[in-house]
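Notes to accompany the following structure.
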Amino acid sequence: DTEVTQTPKHLVMGMTNKKSLKCEQHMGHRAMYWYKQKAKKPPELMFVYSYEKLSINESVPSRFSPECPNSSLLNLHLHALQPEDSALYLCASSPHPSGKLGEQYFGPGTRLTVT
Amino acid sequence: ELKVEQNPLFLSMQEGKNYTIYCNYSTTSDRLYWYRQDPGKSLESLFVLLSNGAVKQEGRLMASLDTKARLSTLHITAAVHDLSATYFCAVDMRGDSNYQLIWGAGTKLIIKP
């Protein structure tokens with residue numbers, strides 16, 4: 001299995017809702033990432049999990065809460081989002097956080113719309 | 001602070017032509033990646049360049065890395081419409097226990113029949 005999966009593909013939520021994004025990989029990768037991407041922009045790193053521990057939090061608002069239940073799963077819990085949070089949310093994984101091969105494998109993304 | 005600059009940011013070209021996208025970065029790194037993104041889709045890894053002088057080719061695309069010049073190029077040969085996409089380069093920035101990618105702004109490539 002050489003892919004990263006994400007669910008749901010699309011999500012529309014109100015500003016008072018609570019929802020979660022899910023990411024899964026079965027490649028044995030030990031680093032997992034959440035990115036946010038706005039249209040016509042490069043991805044912006046949000047969080048990095050290294051060996052299931054949060055290692056980077058790029059000053060992301062607390063309305064985004066990551067969780068890594070195990071080495072294959074990564075969740076992003078969403079609460080009280082703002083319309084400007086509407087974006088494509090991408091999950092990625094890489095074999096080893098500080099290894100020689102740093103290539104990141106991206107999931108298909110979740111298109112989030114906040115109304 | 002590591003900065004990555006791509007140029008051009010937008011490129012419209014005719015099928016059959018050749019062109020090059022440039023990726024410059026500001027501090028030492030010996031790992032550079034090229035990704036492709038189709039509209040509304042995720043990022044697809046194209047090339048991983050791990051050392052000075054690395055050259056990789058896949059079909060009509062060829063990528064190279066010059067770590068001394070801090071420059072990578074993505075060359076398109078005899079472009080076809082299917083290559084229309086946005087291309088990103090990204091450079092590895094190493095931290096204490098992990099690394100993160102610093103991204104260029106992307107080059108939107110449109111290939112006209």
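By order in the structure tokens, chains are A, B, ...; within a chain, residues start at 1; ligands start at 1, following the order shown.
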I'd like the contact shell of Asn7 (chain B) - 9 Å cut-off, only C-alpha atoms, skipping same-chain residues fewer than 2 positions apart - returned as number ranges by chain. B: 5, 9-10, 21-24, 105-107
Using only C-alpha atoms, I'd like every residue of chain A that has an atom within 10 Å of chain B; please write them out as an mmCIF file with N, CA, C and O atoms, in the first residue's frame.
```
data_model
loop_
_atom_site.group_PDB
_atom_site.id
_atom_site.type_symbol
_atom_site.label_atom_id
_atom_site.label_comp_id
_atom_site.auth_asym_id
_atom_site.auth_seq_id
_atom_site.Cartn_x
_atom_site.Cartn_y
_atom_site.Cartn_z
ATOM 1 N N ALA A 31 6.642 9.962 10.121
ATOM 2 C CA ALA A 31 6.328 11.382 10.202
ATOM 3 C C ALA A 31 5.059 11.656 9.411
ATOM 4 O O ALA A 31 4.889 11.137 8.306
ATOM 5 N N TYR A 33 2.031 14.861 8.491
ATOM 6 C CA TYR A 33 1.930 16.315 8.403
ATOM 7 C C TYR A 33 0.513 16.734 8.063
ATOM 8 O O TYR A 33 -0.181 16.045 7.305
ATOM 9 N N GLN A 37 -3.878 24.616 2.249
ATOM 10 C CA GLN A 37 -3.538 25.242 0.975
ATOM 11 C C GLN A 37 -4.699 26.080 0.472
ATOM 12 O O GLN A 37 -5.796 25.559 0.226
ATOM 13 N N ALA A 39 -6.148 28.688 -2.565
ATOM 14 C CA ALA A 39 -6.062 28.657 -4.025
ATOM 15 C C ALA A 39 -4.866 29.472 -4.524
ATOM 16 O O ALA A 39 -4.593 30.571 -4.052
ATOM 17 N N LYS A 40 -4.155 28.903 -5.470
ATOM 18 C CA LYS A 40 -3.035 29.545 -6.151
ATOM 19 C C LYS A 40 -1.857 29.836 -5.223
ATOM 20 O O LYS A 40 -1.021 30.704 -5.524
ATOM 21 N N LYS A 41 -1.793 29.131 -4.102
ATOM 22 C CA LYS A 41 -0.707 29.290 -3.151
ATOM 23 C C LYS A 41 -0.043 27.955 -2.883
ATOM 24 O O LYS A 41 -0.650 26.905 -3.079
ATOM 25 N N PRO A 42 1.199 27.975 -2.403
ATOM 26 C CA PRO A 42 1.803 26.700 -1.994
ATOM 27 C C PRO A 42 1.200 26.218 -0.686
ATOM 28 O O PRO A 42 0.547 26.998 0.012
ATOM 29 N N PRO A 43 1.432 24.966 -0.348
ATOM 30 C CA PRO A 43 0.913 24.459 0.932
ATOM 31 C C PRO A 43 1.586 25.184 2.107
ATOM 32 O O PRO A 43 2.761 25.522 2.047
ATOM 33 N N GLU A 44 0.817 25.391 3.162
ATOM 34 C CA GLU A 44 1.352 25.964 4.404
ATOM 35 C C GLU A 44 1.364 24.873 5.471
ATOM 36 O O GLU A 44 0.321 24.288 5.762
ATOM 37 N N LEU A 45 2.516 24.648 6.037
ATOM 38 C CA LEU A 45 2.616 23.633 7.070
ATOM 39 C C LEU A 45 1.860 24.067 8.323
ATOM 40 O O LEU A 45 1.994 25.201 8.783
ATOM 41 N N VAL A 48 3.354 18.919 12.456
ATOM 42 C CA VAL A 48 4.167 17.756 12.133
ATOM 43 C C VAL A 48 4.144 16.817 13.329
ATOM 44 O O VAL A 48 4.370 17.247 14.462
ATOM 45 N N TYR A 49 3.872 15.556 13.070
ATOM 46 C CA TYR A 49 4.001 14.512 14.076
ATOM 47 C C TYR A 49 5.190 13.641 13.703
ATOM 48 O O TYR A 49 5.303 13.157 12.582
ATOM 49 N N SER A 50 6.053 13.455 14.684
ATOM 50 C CA SER A 50 7.229 12.635 14.511
ATOM 51 C C SER A 50 7.172 11.525 15.547
ATOM 52 O O SER A 50 7.141 11.809 16.749
ATOM 53 N N SER A 55 5.662 17.558 16.931
ATOM 54 C CA SER A 55 6.993 18.155 16.958
ATOM 55 C C SER A 55 7.014 19.566 16.404
ATOM 56 O O SER A 55 7.896 20.340 16.715
ATOM 57 N N ILE A 56 6.089 19.886 15.561
ATOM 58 C CA ILE A 56 5.998 21.242 15.026
ATOM 59 C C ILE A 56 4.542 21.680 15.031
ATOM 60 O O ILE A 56 3.661 20.956 14.578
ATOM 61 N N LEU A 88 -8.090 23.844 1.036
ATOM 62 C CA LEU A 88 -7.799 22.422 0.838
ATOM 63 C C LEU A 88 -6.848 21.995 1.951
ATOM 64 O O LEU A 88 -5.789 22.612 2.134
ATOM 65 N N TYR A 89 -7.215 20.981 2.696
ATOM 66 C CA TYR A 89 -6.378 20.482 3.779
ATOM 67 C C TYR A 89 -5.733 19.176 3.327
ATOM 68 O O TYR A 89 -6.413 18.209 2.985
ATOM 69 N N LEU A 90 -4.431 19.204 3.348
ATOM 70 C CA LEU A 90 -3.657 18.085 2.843
ATOM 71 C C LEU A 90 -2.917 17.394 3.980
ATOM 72 O O LEU A 90 -2.327 18.046 4.841
ATOM 73 N N CYS A 91 -2.955 16.091 3.947
ATOM 74 C CA CYS A 91 -2.167 15.275 4.853
ATOM 75 C C CYS A 91 -1.008 14.687 4.059
ATOM 76 O O CYS A 91 -1.147 14.387 2.862
ATOM 77 N N ALA A 92 0.135 14.538 4.695
ATOM 78 C CA ALA A 92 1.284 13.925 4.040
ATOM 79 C C ALA A 92 2.017 13.058 5.047
ATOM 80 O O ALA A 92 1.866 13.221 6.266
ATOM 81 N N HIS A 96 10.857 8.914 7.365
ATOM 82 C CA HIS A 96 11.568 9.127 8.613
ATOM 83 C C HIS A 96 11.733 10.623 8.802
ATOM 84 O O HIS A 96 12.115 11.320 7.884
ATOM 85 N N PRO A 97 11.454 11.129 9.955
ATOM 86 C CA PRO A 97 11.472 12.580 10.146
ATOM 87 C C PRO A 97 12.808 13.229 9.821
ATOM 88 O O PRO A 97 12.856 14.342 9.341
ATOM 89 N N SER A 98 13.888 12.553 10.080
ATOM 90 C CA SER A 98 15.183 13.171 9.816
ATOM 91 C C SER A 98 16.037 12.274 8.942
ATOM 92 O O SER A 98 17.248 12.343 8.972
ATOM 93 N N GLY A 99 15.390 11.449 8.164
ATOM 94 C CA GLY A 99 16.104 10.497 7.328
ATOM 95 C C GLY A 99 16.634 11.114 6.053
ATOM 96 O O GLY A 99 16.408 12.274 5.753
ATOM 97 N N LYS A 100 17.328 10.309 5.309
ATOM 98 C CA LYS A 100 17.940 10.790 4.086
ATOM 99 C C LYS A 100 16.911 11.031 2.989
ATOM 100 O O LYS A 100 17.078 11.930 2.180
ATOM 101 N N LEU A 101 15.887 10.234 3.009
ATOM 102 C CA LEU A 101 14.864 10.413 1.988
ATOM 103 C C LEU A 101 13.705 11.173 2.592
ATOM 104 O O LEU A 101 12.897 10.619 3.317
ATOM 105 N N GLY A 102 13.640 12.428 2.277
ATOM 106 C CA GLY A 102 12.630 13.270 2.906
ATOM 107 C C GLY A 102 11.386 13.462 2.099
ATOM 108 O O GLY A 102 10.578 14.319 2.389
ATOM 109 N N GLU A 103 11.241 12.654 1.056
ATOM 110 C CA GLU A 103 10.094 12.848 0.179
ATOM 111 C C GLU A 103 8.797 12.669 0.937
ATOM 112 O O GLU A 103 8.618 11.696 1.680
ATOM 113 N N GLN A 104 7.894 13.592 0.758
ATOM 114 C CA GLN A 104 6.589 13.519 1.390
ATOM 115 C C GLN A 104 5.563 13.026 0.385
ATOM 116 O O GLN A 104 5.550 13.457 -0.759
ATOM 117 N N TYR A 105 4.715 12.149 0.869
ATOM 118 C CA TYR A 105 3.643 11.590 0.062
ATOM 119 C C TYR A 105 2.339 12.219 0.532
ATOM 120 O O TYR A 105 2.007 12.155 1.712
ATOM 121 N N PHE A 106 1.630 12.793 -0.411
ATOM 122 C CA PHE A 106 0.431 13.543 -0.064
ATOM 123 C C PHE A 106 -0.835 12.740 -0.312
ATOM 124 O O PHE A 106 -0.935 11.983 -1.282
ATOM 125 N N GLY A 107 -1.796 12.955 0.568
ATOM 126 C CA GLY A 107 -3.127 12.427 0.346
ATOM 127 C C GLY A 107 -3.891 13.293 -0.629
ATOM 128 O O GLY A 107 -3.410 14.347 -1.046
ATOM 129 N N PRO A 108 -5.105 12.879 -0.995
ATOM 130 C CA PRO A 108 -5.902 13.607 -1.989
ATOM 131 C C PRO A 108 -6.476 14.909 -1.465
ATOM 132 O O PRO A 108 -6.916 15.747 -2.253
ATOM 133 N N GLY A 109 -6.485 15.090 -0.154
ATOM 134 C CA GLY A 109 -6.965 16.339 0.414
ATOM 135 C C GLY A 109 -8.430 16.329 0.781
ATOM 136 O O GLY A 109 -9.221 15.516 0.281
ATOM 137 N N THR A 110 -8.790 17.227 1.679
ATOM 138 C CA THR A 110 -10.184 17.494 2.026
ATOM 139 C C THR A 110 -10.467 18.948 1.688
ATOM 140 O O THR A 110 -9.789 19.855 2.185
ATOM 141 N N ARG A 111 -11.470 19.148 0.842
ATOM 142 C CA ARG A 111 -11.881 20.510 0.503
ATOM 143 C C ARG A 111 -12.870 20.983 1.550
ATOM 144 O O ARG A 111 -13.968 20.467 1.636
#
```
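Put simply, CA of Phe64 (chain A) is 8.1 Å away from CA of Leu81 (chain A).
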Quick one: distance from CA of Lys17 (chain B) to CA of Gly53 (chain B) in Å, one decimal?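 Calculated distance between CA of Lys17 (chain B) and CA of Gly53 (chain B) is 25.0 Å.
Counting only C-alpha atoms, the residue from B:Ile111, B:Leu11, B:Ala54, B:Leu2 that sits nearest to Ala78 (chain B) is B:Ile111.
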Could you tell me how far CA of His77 (chain A) lies from CA of Lys18 (chain A), in Å and to one decimal?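 According to the coordinates, CA of His77 (chain A) and CA of Lys18 (chain A) are separated by 7.4 Å.
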Contacts of Val80 (chain B) within 12 Å, only C-alpha atoms, excl. fewer than 2 positions in-chain, as a PDB file with C-alpha atoms, in the first residue's frame:
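Generated output (result-v6.pdb):
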```pdb
ATOM      1  CA  SER B  12       1.864  29.966 -21.281  1.00  0.00           C
ATOM      2  CA  MET B  13       3.462  28.053 -24.103  1.00  0.00           C
ATOM      3  CA  GLN B  14       2.654  26.242 -27.298  1.00  0.00           C
ATOM      4  CA  GLU B  15       2.743  22.523 -27.682  1.00  0.00           C
ATOM      5  CA  GLY B  16       6.012  21.251 -29.054  1.00  0.00           C
ATOM      6  CA  LYS B  17       8.114  24.004 -27.494  1.00  0.00           C
ATOM      7  CA  ASN B  18      10.822  23.683 -24.876  1.00  0.00           C
ATOM      8  CA  TYR B  19      11.026  25.691 -21.697  1.00  0.00           C
ATOM      9  CA  GLY B  59       9.189  11.504 -20.052  1.00  0.00           C
ATOM     10  CA  ARG B  60       9.307  15.097 -21.259  1.00  0.00           C
ATOM     11  CA  LEU B  61      10.434  16.464 -17.893  1.00  0.00           C
ATOM     12  CA  ILE B  76      10.147  20.660 -20.412  1.00  0.00           C
ATOM     13  CA  THR B  77      10.883  19.188 -23.796  1.00  0.00           C
ATOM     14  CA  ALA B  78       8.372  19.286 -26.656  1.00  0.00           C
ATOM     15  CA  ASP B  82      -1.219  17.038 -20.539  1.00  0.00           C
ATOM     16  CA  LEU B  83       1.679  18.783 -18.827  1.00  0.00           C
ATOM     17  CA  SER B  84      -0.507  21.765 -18.001  1.00  0.00           C
ATOM     18  CA  ALA B  85      -0.453  22.063 -14.204  1.00  0.00           C
ATOM     19  CA  LEU B 109       2.032  26.175 -16.705  1.00  0.00           C
ATOM     20  CA  ILE B 110      -0.521  26.342 -19.498  1.00  0.00           C
ATOM     21  CA  ILE B 111       0.247  24.513 -22.717  1.00  0.00           C
ATOM     22  CA  LYS B 112      -1.847  25.477 -25.689  1.00  0.00           C
ATOM     23  CA  PRO B 113      -2.490  23.195 -28.651  1.00  0.00           C
TER      24      PRO B 113
END
```
For the strand (DSSP E or B) assignment from backbone DSSP, which residues of chain A qualify? Please present them as a PyMOL selection string. chain A and resi 4-7+10-13+18-25+31-37+44-50+53-57+64-70+73-79+87-94+105-106+110-114
